[in-house]
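Chemist: First, the structure itself, so that you have it in front of you.
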Amino acid sequence: MIVAMNADATQQQIDHICERIRQFGYTPHLIQGEERTVIAAIGKGDKKEHIESLKSADGVEDAFPILQPFKLVSTEVKKERSVIKIGDIKIGDGGLVVMAGPCSVETRDQLLTTAESVAKSGAQLLRGGAYKPRTSPYEFQGLAEEGLKLLAEAREKTGLKVVTEILNAEDVDLVEQYADILQVGARNMQNFELLKKLGKVNKPVMLKRGLSATIKEFLLSAEYIVSHGNPNVMLCERGIRTFETALRNTLDLAVVPLLNELTHLPVVIDPSHGTGKRSLVPPVARAAVAIGADAIMTEVHPCPEQAWSDGPQSLRLEDFAKMMADLQPYIKLRQQAAAAA
Ligand code: PEP
Ligand code: MN
């Protein structure tokens, strides 16, 4: 349930409500808004007698049940949009953030060449997998820590922040030392032990939608991370499996406004995995910007033909530069709309 405190509620009254919530068997989560404090009481039930009791306590304006199965990530609990800060970069403040880089970190030269080029074209974050979840055990599995070190070197050289995938709960301590954003891949969206561990991490997490996950399951996975203590979660739509086989995945862009209705978390679109086809990445990226995505993530490689993974969907360096230039009018339109609102 949600307990909305009066704007002038005292700290003592807030503490008392948290205590009562604990006595009733829920866990209180404080959400400090600009005007008032809201307390989300998370647990099974939302019993009527508990709601009535809390409603009549001093300092409480109202108490009501949370209707959605996901709680802390829902707009029922928090109306203000969450903005995730990574140094000077803000994801979710209405602007557009661009993440770009190779599918896999392969070599020092490949990574540094890509990083320097995408930085020049206007990307703010470098992506690159050091741990790769491959369908076949015979395919390249990633450079592991050596790859993380190369990402850190690229950050040092270019100023780009780094987003990279974490595959196992056991690797969290290591990957956390190198990454600015920890990516949970589609195949791990429901690796609940990993999600719980990421709840304890002091770095933002980008959670990718599972290959056949519903929006409810997607948001419940985000809820695992947030309810275990990490509020800095962004959601990445990367396409799902449907009956359609013309493309690698089916990317449903309607999830951007839908997620904006259901959750305050920022939304990222990945047109590379979403389509699997290089020529479709720029137009789909434009659509993502137009529909209000907070960030886009695209795969870029100096020579896609020789890429160790996902070559067909990787942009060449010059394709990425052109895509960024072509996005400008769409970014401007958004800025104008935000200024007029
Ligand atoms: C990736 O970003 O390279 C990746 C493996 O993505 P996904 O988990 O969406 O397949
Ligand atoms: Mn990939």
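Here, A, B, ... name the chains of the structure tokens in the order displayed, residue numbers run from 1 inside each chain, and ligands are numbered from 1 in the same displayed order.
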Compile a residue-level contact table for segment 198-293 of chain A against segment 66-73 of chain A at a cut-off of 6 Å, reporting for every qualifying residue the shortest atom pair and its distance in Å to one decimal, with only C-alpha atoms counted, rows ordered by chain and ascending number, as a Markdown table.
Modeler:
| residue | atom | partner | partner_atom | distance |
| --- | --- | --- | --- | --- |
| A:Leu220 | CA | A:Phe70 | CA | 5.4 |
| A:Glu223 | CA | A:Val73 | CA | 6.0 |
| A:Thr263 | CA | A:Val73 | CA | 5.5 |
Chemist: Selection from above, N, CA and C atoms, as a PDB file, in the first residue's frame, can you write it?
Modeler:
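The result, written out as again16.pdb:
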ATOM      1  N   LEU A 220       8.399  -6.759 -13.146  1.00  0.00           N
ATOM      2  CA  LEU A 220       8.628  -7.490 -11.879  1.00  0.00           C
ATOM      3  C   LEU A 220      10.118  -7.800 -11.700  1.00  0.00           C
ATOM      4  N   GLU A 223      11.593  -4.770 -10.445  1.00  0.00           N
ATOM      5  CA  GLU A 223      11.176  -4.638  -9.037  1.00  0.00           C
ATOM      6  C   GLU A 223      12.124  -5.418  -8.112  1.00  0.00           C
ATOM      7  N   THR A 263       5.612   2.971 -15.472  1.00  0.00           N
ATOM      8  CA  THR A 263       6.787   3.061 -14.596  1.00  0.00           C
ATOM      9  C   THR A 263       7.482   4.410 -14.749  1.00  0.00           C
TER      10      THR A 263
END
Chemist: Considering only C-alpha atoms, return as an MDAnalysis selection string whatever protein or nucleic-acid residues lie within 9 Å of segment 126-137 of chain A, sequence-local ones (same chain, fewer than 4 positions apart) excluded.
Modeler: chainID A and resid 98:106 111 114:115 118:119 141:148 151 154:155 160:167 185 187 297:299 309
Chemist: Please run DSSP on the backbone and report, as a PyMOL selection string, all residues within segment 201-336 of chain A that come out as strand (DSSP E).
Modeler: chain A and resi 205-208+233-237+267-269+295-299
Chemist: Can you tell me how far atom CA of Thr27 of chain A sits from atom CA of Val172 of chain A, in Å to one decimal?
Modeler: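 Atom-to-atom, atom CA of Thr27 of chain A to atom CA of Val172 of chain A, that is 25.7 Å.
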Chemist: Taking the DSSP secondary structure from the backbone, can you list the residues of segment 138-310 of chain A that are helix (DSSP H, G or I), as a PyMOL selection string?
Modeler: chain A and resi 145-158+169-178+186-188+192-198+215-227+255-262+271-275+278-291+304-306
